[in-house]
>>> print(open('final-v2.pdb').read())   # PDB, C-alpha atoms, pLDDT in the B column
ATOM      1  CA  MET A 212      -7.118 -32.814   3.886  1.00 38.00           C
ATOM      2  CA  ASN A 213      -4.729 -33.611   1.034  1.00 43.00           C
ATOM      3  CA  GLU A 214      -1.082 -32.596   0.965  1.00 43.00           C
ATOM      4  CA  HIS A 215      -1.848 -29.339  -0.838  1.00 44.00           C
ATOM      5  CA  ASP A 216      -4.572 -28.077   1.502  1.00 45.00           C
ATOM      6  CA  ALA A 217      -3.079 -25.528   3.855  1.00 46.00           C
ATOM      7  CA  ALA A 218      -3.938 -22.442   5.811  1.00 49.00           C
ATOM      8  CA  CYS A 219      -2.058 -19.967   3.719  1.00 55.00           C
ATOM      9  CA  CYS A 220      -0.962 -16.446   3.243  1.00 51.00           C
ATOM     10  CA  SER A 221      -2.030 -14.816   6.474  1.00 44.00           C
ATOM     11  CA  SER A 222      -1.073 -11.220   7.124  1.00 49.00           C
ATOM     12  CA  GLU A 223       2.326 -12.486   8.339  1.00 70.00           C
ATOM     13  CA  ARG A 224       2.732 -14.346   5.041  1.00 79.00           C
ATOM     14  CA  ALA A 225       3.172 -17.758   6.585  1.00 84.00           C
ATOM     15  CA  THR A 226       2.026 -21.073   5.180  1.00 85.00           C
ATOM     16  CA  VAL A 227       0.915 -23.909   7.421  1.00 86.00           C
ATOM     17  CA  ARG A 228       1.765 -27.118   5.575  1.00 87.00           C
ATOM     18  CA  PRO A 229       0.290 -30.538   6.256  1.00 85.00           C
ATOM     19  CA  ASP A 230       2.546 -32.635   8.486  1.00 89.00           C
ATOM     20  CA  ASN A 231       3.291 -35.189   5.743  1.00 93.00           C
ATOM     21  CA  THR A 232       4.356 -32.464   3.302  1.00 92.00           C
ATOM     22  CA  LYS A 233       6.492 -30.716   5.916  1.00 94.00           C
ATOM     23  CA  SER A 234       8.112 -34.009   6.905  1.00 95.00           C
ATOM     24  CA  ASN A 235       8.870 -34.823   3.247  1.00 96.00           C
ATOM     25  CA  LEU A 236      10.444 -31.397   2.678  1.00 97.00           C
ATOM     26  CA  VAL A 237      12.513 -31.552   5.873  1.00 97.00           C
ATOM     27  CA  SER A 238      13.766 -35.039   4.938  1.00 97.00           C
ATOM     28  CA  ARG A 239      14.792 -33.891   1.494  1.00 97.00           C
ATOM     29  CA  LEU A 240      16.527 -30.801   2.888  1.00 98.00           C
ATOM     30  CA  ASN A 241      18.374 -32.902   5.473  1.00 98.00           C
ATOM     31  CA  ARG A 242      19.704 -35.070   2.640  1.00 97.00           C
ATOM     32  CA  VAL A 243      20.788 -31.973   0.718  1.00 98.00           C
ATOM     33  CA  GLU A 244      22.543 -30.675   3.828  1.00 98.00           C
ATOM     34  CA  GLY A 245      24.409 -33.983   4.113  1.00 98.00           C
ATOM     35  CA  GLN A 246      25.346 -33.844   0.441  1.00 98.00           C
ATOM     36  CA  ILE A 247      26.720 -30.320   0.885  1.00 98.00           C
ATOM     37  CA  ARG A 248      28.836 -31.456   3.829  1.00 98.00           C
ATOM     38  CA  GLY A 249      30.052 -34.338   1.685  1.00 98.00           C
ATOM     39  CA  ILE A 250      31.062 -31.968  -1.106  1.00 98.00           C
ATOM     40  CA  ARG A 251      32.989 -29.806   1.367  1.00 98.00           C
ATOM     41  CA  GLY A 252      34.799 -32.934   2.523  1.00 98.00           C
ATOM     42  CA  MET A 253      35.588 -33.856  -1.069  1.00 98.00           C
ATOM     43  CA  VAL A 254      37.108 -30.415  -1.670  1.00 98.00           C
ATOM     44  CA  GLU A 255      39.138 -30.679   1.545  1.00 98.00           C
ATOM     45  CA  LYS A 256      40.444 -34.099   0.418  1.00 98.00           C
ATOM     46  CA  ASP A 257      41.327 -32.858  -3.074  1.00 98.00           C
ATOM     47  CA  VAL A 258      38.923 -35.277  -4.764  1.00 98.00           C
ATOM     48  CA  TYR A 259      38.908 -35.264  -8.565  1.00 98.00           C
ATOM     49  CA  CYS A 260      37.018 -32.229  -9.952  1.00 97.00           C
ATOM     50  CA  ASP A 261      34.575 -34.239 -12.079  1.00 98.00           C
ATOM     51  CA  ASP A 262      33.471 -36.258  -9.058  1.00 98.00           C
ATOM     52  CA  ILE A 263      32.781 -33.062  -7.116  1.00 98.00           C
ATOM     53  CA  LEU A 264      30.908 -31.529 -10.052  1.00 98.00           C
ATOM     54  CA  ASN A 265      28.710 -34.628 -10.282  1.00 98.00           C
ATOM     55  CA  GLN A 266      27.846 -34.272  -6.601  1.00 98.00           C
ATOM     56  CA  ILE A 267      27.020 -30.598  -7.129  1.00 98.00           C
ATOM     57  CA  ALA A 268      24.670 -31.603  -9.958  1.00 98.00           C
ATOM     58  CA  ALA A 269      22.977 -34.095  -7.622  1.00 97.00           C
ATOM     59  CA  VAL A 270      22.466 -31.378  -4.992  1.00 98.00           C
ATOM     60  CA  GLN A 271      21.025 -28.996  -7.567  1.00 96.00           C
ATOM     61  CA  SER A 272      18.621 -31.696  -8.710  1.00 96.00           C
ATOM     62  CA  ALA A 273      17.562 -32.418  -5.136  1.00 97.00           C
ATOM     63  CA  LEU A 274      16.945 -28.719  -4.471  1.00 96.00           C
ATOM     64  CA  ASN A 275      14.943 -28.454  -7.696  1.00 95.00           C
ATOM     65  CA  ALA A 276      12.730 -31.301  -6.461  1.00 96.00           C
ATOM     66  CA  VAL A 277      12.109 -29.436  -3.186  1.00 96.00           C
ATOM     67  CA  GLY A 278      11.318 -26.301  -5.179  1.00 95.00           C
ATOM     68  CA  LYS A 279       8.808 -28.159  -7.351  1.00 94.00           C
ATOM     69  CA  ILE A 280       6.975 -29.519  -4.313  1.00 95.00           C
ATOM     70  CA  LEU A 281       6.824 -26.069  -2.723  1.00 95.00           C
ATOM     71  CA  LEU A 282       5.787 -24.387  -5.978  1.00 95.00           C
ATOM     72  CA  GLU A 283       2.948 -26.833  -6.564  1.00 94.00           C
ATOM     73  CA  GLY A 284       1.658 -26.397  -3.025  1.00 94.00           C
ATOM     74  CA  HIS A 285       1.984 -22.624  -3.307  1.00 94.00           C
ATOM     75  CA  MET A 286       0.003 -22.522  -6.543  1.00 94.00           C
ATOM     76  CA  ARG A 287      -2.722 -24.837  -5.258  1.00 93.00           C
ATOM     77  CA  SER A 288      -3.183 -22.968  -1.997  1.00 93.00           C
ATOM     78  CA  CYS A 289      -1.708 -19.488  -1.586  1.00 92.00           C
ATOM     79  CA  VAL A 290      -2.034 -18.359  -5.199  1.00 95.00           C
ATOM     80  CA  MET A 291      -5.530 -19.785  -5.654  1.00 94.00           C
ATOM     81  CA  GLU A 292      -6.710 -18.248  -2.379  1.00 94.00           C
ATOM     82  CA  ARG A 293      -5.362 -14.814  -3.224  1.00 94.00           C
ATOM     83  CA  ILE A 294      -6.863 -14.880  -6.721  1.00 95.00           C
ATOM     84  CA  GLN A 295     -10.228 -15.895  -5.262  1.00 95.00           C
ATOM     85  CA  GLN A 296      -9.956 -12.910  -2.913  1.00 95.00           C
ATOM     86  CA  GLY A 297      -9.387 -10.633  -5.911  1.00 95.00           C
ATOM     87  CA  ASP A 298      -5.646 -10.146  -5.326  1.00 94.00           C
ATOM     88  CA  HIS A 299      -4.226 -10.522  -8.816  1.00 94.00           C
ATOM     89  CA  GLU A 300      -0.810  -9.090  -7.844  1.00 95.00           C
ATOM     90  CA  VAL A 301       0.011 -12.636  -6.757  1.00 95.00           C
ATOM     91  CA  ILE A 302       0.476 -13.524 -10.441  1.00 95.00           C
ATOM     92  CA  ASP A 303       3.344 -11.025 -10.793  1.00 96.00           C
ATOM     93  CA  GLU A 304       4.847 -12.324  -7.543  1.00 95.00           C
ATOM     94  CA  LEU A 305       4.594 -15.906  -8.821  1.00 95.00           C
ATOM     95  CA  LEU A 306       6.167 -15.026 -12.168  1.00 96.00           C
ATOM     96  CA  LYS A 307       9.134 -13.338 -10.441  1.00 95.00           C
ATOM     97  CA  THR A 308       9.607 -16.383  -8.234  1.00 93.00           C
ATOM     98  CA  MET A 309       9.417 -18.790 -11.175  1.00 93.00           C
ATOM     99  CA  ASN A 310      12.019 -16.728 -13.058  1.00 93.00           C
ATOM    100  CA  LYS A 311      14.348 -17.026 -10.066  1.00 92.00           C
ATOM    101  CA  LEU A 312      13.783 -20.778  -9.870  1.00 89.00           C
ATOM    102  CA  MET A 313      14.514 -21.253 -13.561  1.00 89.00           C
ATOM    103  CA  LYS A 314      17.883 -19.446 -13.641  1.00 83.00           C
TER     104      LYS A 314
END
>>> encode(input="final-v2.pdb", output="structure tokens")
Amino acid sequence: MNEHDAACCSSERATVRPDNTKSNLVSRLNRVEGQIRGIRGMVEKDVYCDDILNQIAAVQSALNAVGKILLEGHMRSCVMERIQQGDHEVIDELLKTMNKLMK
């Protein structure tokens, strides 16, 4: 099983991710959480605005990386599975999600 194989899109709309993928995502999100706490501390300490803005950019980049991993897995598993089952509404759902990610 590679990192994109997953039991996907059951009636409860849950995705079971491979352990290595889940671990990677959780690690990345833990780092983002730490960065957010760090930014809050910077604001509380009246750190120079540009330094805070640079940290915000780093957090946004880290979240984008998490989004890319999830999007790729979603397309390779959930979307493919639903298309193969004849559910083409998943394309509209995917396009709406991609528009939200690209704002």
>>> atom_distance(input="final-v2.pdb", atom1="atom CA of A:Asn231", atom2="atom CA of A:Glu304")
26.5 Å
>>> residues_around(input="final-v2.pdb", residues="A:Ile250", least_positions_apart="2", cutoff="8 Å", atoms="all atoms listed in the file", output="ChimeraX atom specification")
/A:246-248,252-254,263,266-267
>>> write_last_selection(input="final-v2.pdb", atoms="C-alpha atoms", output="PDB file, in the frame of the given file")
ATOM      1  CA  GLN A 246      25.346 -33.844   0.441  1.00 98.00           C
ATOM      2  CA  ILE A 247      26.720 -30.320   0.885  1.00 98.00           C
ATOM      3  CA  ARG A 248      28.836 -31.456   3.829  1.00 98.00           C
ATOM      4  CA  GLY A 252      34.799 -32.934   2.523  1.00 98.00           C
ATOM      5  CA  MET A 253      35.588 -33.856  -1.069  1.00 98.00           C
ATOM      6  CA  VAL A 254      37.108 -30.415  -1.670  1.00 98.00           C
ATOM      7  CA  ILE A 263      32.781 -33.062  -7.116  1.00 98.00           C
ATOM      8  CA  GLN A 266      27.846 -34.272  -6.601  1.00 98.00           C
ATOM      9  CA  ILE A 267      27.020 -30.598  -7.129  1.00 98.00           C
TER      10      ILE A 267
END
>>> closest_residue(input="final-v2.pdb", among="A:Met313, A:Asp230, A:Glu244, A:Leu305", to="A:Met286", atoms="only C-alpha atoms")
A:Leu305
>>> residues_near_point(input="final-v2.pdb", point="(16.2, -29.8, -5.8)", cutoff="12 Å", atoms="only C-alpha atoms", output="list of chain:residue names")
A:Leu236, A:Arg239, A:Leu240, A:Asn241, A:Arg242, A:Val243, A:Glu244, A:Gln246, A:Ile267, A:Ala268, A:Ala269, A:Val270, A:Gln271, A:Ser272, A:Ala273, A:Leu274, A:Asn275, A:Ala276, A:Val277, A:Gly278, A:Lys279, A:Ile280, A:Leu281, A:Leu282, A:Leu312, A:Met313
>>> closest_residue(input="final-v2.pdb", among="A:Asp303, A:Asn310, A:Ser288, A:Ile294", to="A:Pro229", atoms="only C-alpha atoms")
A:Ser288
>>> axis_aligned_box(input="final-v2.pdb", around="stretch 233-239 of chain A", padding_each_side="5 Å", output="lines of an AutoDock Vina configuration file")
center_x = 10.6
center_y = -32.9
center_z = 4.2
size_x = 18.3
size_y = 14.3
size_z = 15.4
>>> decode(input="final-v2.pdb", residues="stretch 237-253 of chain A", atoms="all heavy atoms", output="PDB file, in the first residue's frame")
ATOM      1  N   VAL A 237       0.204  15.055  10.925  1.00  0.00           N
ATOM      2  CA  VAL A 237       0.124  15.453  12.332  1.00  0.00           C
ATOM      3  C   VAL A 237       1.396  16.187  12.742  1.00  0.00           C
ATOM      4  O   VAL A 237       1.334  17.212  13.438  1.00  0.00           O
ATOM      5  CB  VAL A 237      -0.156  14.238  13.236  1.00  0.00           C
ATOM      6  CG1 VAL A 237       0.042  14.577  14.707  1.00  0.00           C
ATOM      7  CG2 VAL A 237      -1.572  13.712  12.998  1.00  0.00           C
ATOM      8  N   SER A 238       2.552  15.711  12.301  1.00  0.00           N
ATOM      9  CA  SER A 238       3.819  16.388  12.612  1.00  0.00           C
ATOM     10  C   SER A 238       3.835  17.810  12.071  1.00  0.00           C
ATOM     11  O   SER A 238       4.222  18.753  12.773  1.00  0.00           O
ATOM     12  CB  SER A 238       4.988  15.642  11.987  1.00  0.00           C
ATOM     13  OG  SER A 238       5.544  14.741  12.864  1.00  0.00           O
ATOM     14  N   ARG A 239       3.434  17.936  10.832  1.00  0.00           N
ATOM     15  CA  ARG A 239       3.409  19.265  10.206  1.00  0.00           C
ATOM     16  C   ARG A 239       2.442  20.194  10.940  1.00  0.00           C
ATOM     17  O   ARG A 239       2.747  21.364  11.186  1.00  0.00           O
ATOM     18  CB  ARG A 239       3.019  19.161   8.737  1.00  0.00           C
ATOM     19  CG  ARG A 239       4.095  18.545   7.865  1.00  0.00           C
ATOM     20  CD  ARG A 239       3.550  18.258   6.458  1.00  0.00           C
ATOM     21  NE  ARG A 239       4.549  17.680   5.598  1.00  0.00           N
ATOM     22  CZ  ARG A 239       5.363  18.383   4.796  1.00  0.00           C
ATOM     23  NH1 ARG A 239       5.262  19.692   4.752  1.00  0.00           N
ATOM     24  NH2 ARG A 239       6.246  17.771   4.044  1.00  0.00           N
ATOM     25  N   LEU A 240       1.267  19.672  11.292  1.00  0.00           N
ATOM     26  CA  LEU A 240       0.281  20.498  11.995  1.00  0.00           C
ATOM     27  C   LEU A 240       0.744  20.854  13.404  1.00  0.00           C
ATOM     28  O   LEU A 240       0.476  21.970  13.879  1.00  0.00           O
ATOM     29  CB  LEU A 240      -1.074  19.791  12.018  1.00  0.00           C
ATOM     30  CG  LEU A 240      -1.755  19.724  10.650  1.00  0.00           C
ATOM     31  CD1 LEU A 240      -2.935  18.768  10.682  1.00  0.00           C
ATOM     32  CD2 LEU A 240      -2.179  21.110  10.176  1.00  0.00           C
ATOM     33  N   ASN A 241       1.465  19.968  14.057  1.00  0.00           N
ATOM     34  CA  ASN A 241       2.032  20.296  15.372  1.00  0.00           C
ATOM     35  C   ASN A 241       3.031  21.443  15.259  1.00  0.00           C
ATOM     36  O   ASN A 241       3.068  22.330  16.117  1.00  0.00           O
ATOM     37  CB  ASN A 241       2.700  19.072  16.004  1.00  0.00           C
ATOM     38  CG  ASN A 241       1.694  18.085  16.561  1.00  0.00           C
ATOM     39  OD1 ASN A 241       0.556  18.430  16.847  1.00  0.00           O
ATOM     40  ND2 ASN A 241       2.119  16.838  16.704  1.00  0.00           N
ATOM     41  N   ARG A 242       3.841  21.423  14.194  1.00  0.00           N
ATOM     42  CA  ARG A 242       4.786  22.530  13.985  1.00  0.00           C
ATOM     43  C   ARG A 242       4.053  23.835  13.746  1.00  0.00           C
ATOM     44  O   ARG A 242       4.435  24.892  14.269  1.00  0.00           O
ATOM     45  CB  ARG A 242       5.727  22.232  12.823  1.00  0.00           C
ATOM     46  CG  ARG A 242       6.957  21.450  13.257  1.00  0.00           C
ATOM     47  CD  ARG A 242       7.836  21.172  12.097  1.00  0.00           C
ATOM     48  NE  ARG A 242       7.204  20.015  11.470  1.00  0.00           N
ATOM     49  CZ  ARG A 242       7.605  19.374  10.412  1.00  0.00           C
ATOM     50  NH1 ARG A 242       8.661  19.743   9.783  1.00  0.00           N
ATOM     51  NH2 ARG A 242       6.981  18.345   9.936  1.00  0.00           N
ATOM     52  N   VAL A 243       2.988  23.778  12.937  1.00  0.00           N
ATOM     53  CA  VAL A 243       2.196  24.983  12.668  1.00  0.00           C
ATOM     54  C   VAL A 243       1.604  25.512  13.970  1.00  0.00           C
ATOM     55  O   VAL A 243       1.634  26.720  14.232  1.00  0.00           O
ATOM     56  CB  VAL A 243       1.086  24.696  11.629  1.00  0.00           C
ATOM     57  CG1 VAL A 243       0.079  25.835  11.563  1.00  0.00           C
ATOM     58  CG2 VAL A 243       1.693  24.432  10.257  1.00  0.00           C
ATOM     59  N   GLU A 244       1.089  24.608  14.788  1.00  0.00           N
ATOM     60  CA  GLU A 244       0.515  25.014  16.076  1.00  0.00           C
ATOM     61  C   GLU A 244       1.566  25.726  16.920  1.00  0.00           C
ATOM     62  O   GLU A 244       1.286  26.772  17.536  1.00  0.00           O
ATOM     63  CB  GLU A 244      -0.018  23.784  16.805  1.00  0.00           C
ATOM     64  CG  GLU A 244      -0.731  24.087  18.093  1.00  0.00           C
ATOM     65  CD  GLU A 244      -1.266  22.832  18.763  1.00  0.00           C
ATOM     66  OE1 GLU A 244      -0.952  21.702  18.331  1.00  0.00           O
ATOM     67  OE2 GLU A 244      -2.009  23.003  19.747  1.00  0.00           O
ATOM     68  N   GLY A 245       2.781  25.195  16.943  1.00  0.00           N
ATOM     69  CA  GLY A 245       3.867  25.840  17.684  1.00  0.00           C
ATOM     70  C   GLY A 245       4.208  27.203  17.106  1.00  0.00           C
ATOM     71  O   GLY A 245       4.464  28.159  17.855  1.00  0.00           O
ATOM     72  N   GLN A 246       4.200  27.301  15.784  1.00  0.00           N
ATOM     73  CA  GLN A 246       4.478  28.590  15.146  1.00  0.00           C
ATOM     74  C   GLN A 246       3.412  29.618  15.507  1.00  0.00           C
ATOM     75  O   GLN A 246       3.731  30.787  15.763  1.00  0.00           O
ATOM     76  CB  GLN A 246       4.546  28.431  13.624  1.00  0.00           C
ATOM     77  CG  GLN A 246       5.784  27.710  13.124  1.00  0.00           C
ATOM     78  CD  GLN A 246       5.710  27.482  11.626  1.00  0.00           C
ATOM     79  OE1 GLN A 246       4.827  26.789  11.126  1.00  0.00           O
ATOM     80  NE2 GLN A 246       6.651  28.075  10.909  1.00  0.00           N
ATOM     81  N   ILE A 247       2.151  29.189  15.550  1.00  0.00           N
ATOM     82  CA  ILE A 247       1.067  30.103  15.904  1.00  0.00           C
ATOM     83  C   ILE A 247       1.242  30.601  17.337  1.00  0.00           C
ATOM     84  O   ILE A 247       1.098  31.798  17.618  1.00  0.00           O
ATOM     85  CB  ILE A 247      -0.313  29.409  15.749  1.00  0.00           C
ATOM     86  CG1 ILE A 247      -0.598  29.068  14.289  1.00  0.00           C
ATOM     87  CG2 ILE A 247      -1.437  30.258  16.355  1.00  0.00           C
ATOM     88  CD1 ILE A 247      -0.830  30.252  13.384  1.00  0.00           C
ATOM     89  N   ARG A 248       1.584  29.691  18.242  1.00  0.00           N
ATOM     90  CA  ARG A 248       1.831  30.100  19.625  1.00  0.00           C
ATOM     91  C   ARG A 248       2.993  31.092  19.686  1.00  0.00           C
ATOM     92  O   ARG A 248       2.974  32.051  20.458  1.00  0.00           O
ATOM     93  CB  ARG A 248       2.108  28.889  20.516  1.00  0.00           C
ATOM     94  CG  ARG A 248       0.836  28.218  20.984  1.00  0.00           C
ATOM     95  CD  ARG A 248       1.105  27.199  22.098  1.00  0.00           C
ATOM     96  NE  ARG A 248       0.785  25.880  21.588  1.00  0.00           N
ATOM     97  CZ  ARG A 248       1.653  24.961  21.177  1.00  0.00           C
ATOM     98  NH1 ARG A 248       2.937  25.182  21.263  1.00  0.00           N
ATOM     99  NH2 ARG A 248       1.256  23.809  20.701  1.00  0.00           N
ATOM    100  N   GLY A 249       4.011  30.836  18.864  1.00  0.00           N
ATOM    101  CA  GLY A 249       5.149  31.750  18.821  1.00  0.00           C
ATOM    102  C   GLY A 249       4.754  33.130  18.329  1.00  0.00           C
ATOM    103  O   GLY A 249       5.219  34.154  18.861  1.00  0.00           O
ATOM    104  N   ILE A 250       3.892  33.184  17.339  1.00  0.00           N
ATOM    105  CA  ILE A 250       3.423  34.478  16.820  1.00  0.00           C
ATOM    106  C   ILE A 250       2.635  35.220  17.896  1.00  0.00           C
ATOM    107  O   ILE A 250       2.820  36.430  18.092  1.00  0.00           O
ATOM    108  CB  ILE A 250       2.572  34.278  15.541  1.00  0.00           C
ATOM    109  CG1 ILE A 250       3.464  33.790  14.400  1.00  0.00           C
ATOM    110  CG2 ILE A 250       1.855  35.577  15.162  1.00  0.00           C
ATOM    111  CD1 ILE A 250       2.696  33.325  13.169  1.00  0.00           C
ATOM    112  N   ARG A 251       1.774  34.507  18.621  1.00  0.00           N
ATOM    113  CA  ARG A 251       1.025  35.138  19.704  1.00  0.00           C
ATOM    114  C   ARG A 251       1.997  35.737  20.722  1.00  0.00           C
ATOM    115  O   ARG A 251       1.825  36.878  21.173  1.00  0.00           O
ATOM    116  CB  ARG A 251       0.090  34.137  20.380  1.00  0.00           C
ATOM    117  CG  ARG A 251      -0.766  34.796  21.483  1.00  0.00           C
ATOM    118  CD  ARG A 251      -1.640  33.817  22.228  1.00  0.00           C
ATOM    119  NE  ARG A 251      -0.804  32.801  22.865  1.00  0.00           N
ATOM    120  CZ  ARG A 251      -1.081  31.500  22.879  1.00  0.00           C
ATOM    121  NH1 ARG A 251      -2.162  31.035  22.297  1.00  0.00           N
ATOM    122  NH2 ARG A 251      -0.275  30.651  23.488  1.00  0.00           N
ATOM    123  N   GLY A 252       3.039  34.976  21.046  1.00  0.00           N
ATOM    124  CA  GLY A 252       4.038  35.486  21.984  1.00  0.00           C
ATOM    125  C   GLY A 252       4.752  36.719  21.441  1.00  0.00           C
ATOM    126  O   GLY A 252       5.054  37.651  22.194  1.00  0.00           O
ATOM    127  N   MET A 253       5.012  36.729  20.150  1.00  0.00           N
ATOM    128  CA  MET A 253       5.662  37.889  19.541  1.00  0.00           C
ATOM    129  C   MET A 253       4.771  39.129  19.646  1.00  0.00           C
ATOM    130  O   MET A 253       5.262  40.225  19.936  1.00  0.00           O
ATOM    131  CB  MET A 253       5.992  37.597  18.065  1.00  0.00           C
ATOM    132  CG  MET A 253       7.047  36.529  17.865  1.00  0.00           C
ATOM    133  SD  MET A 253       7.223  36.046  16.124  1.00  0.00           S
ATOM    134  CE  MET A 253       8.221  37.396  15.501  1.00  0.00           C
TER     135      MET A 253
END
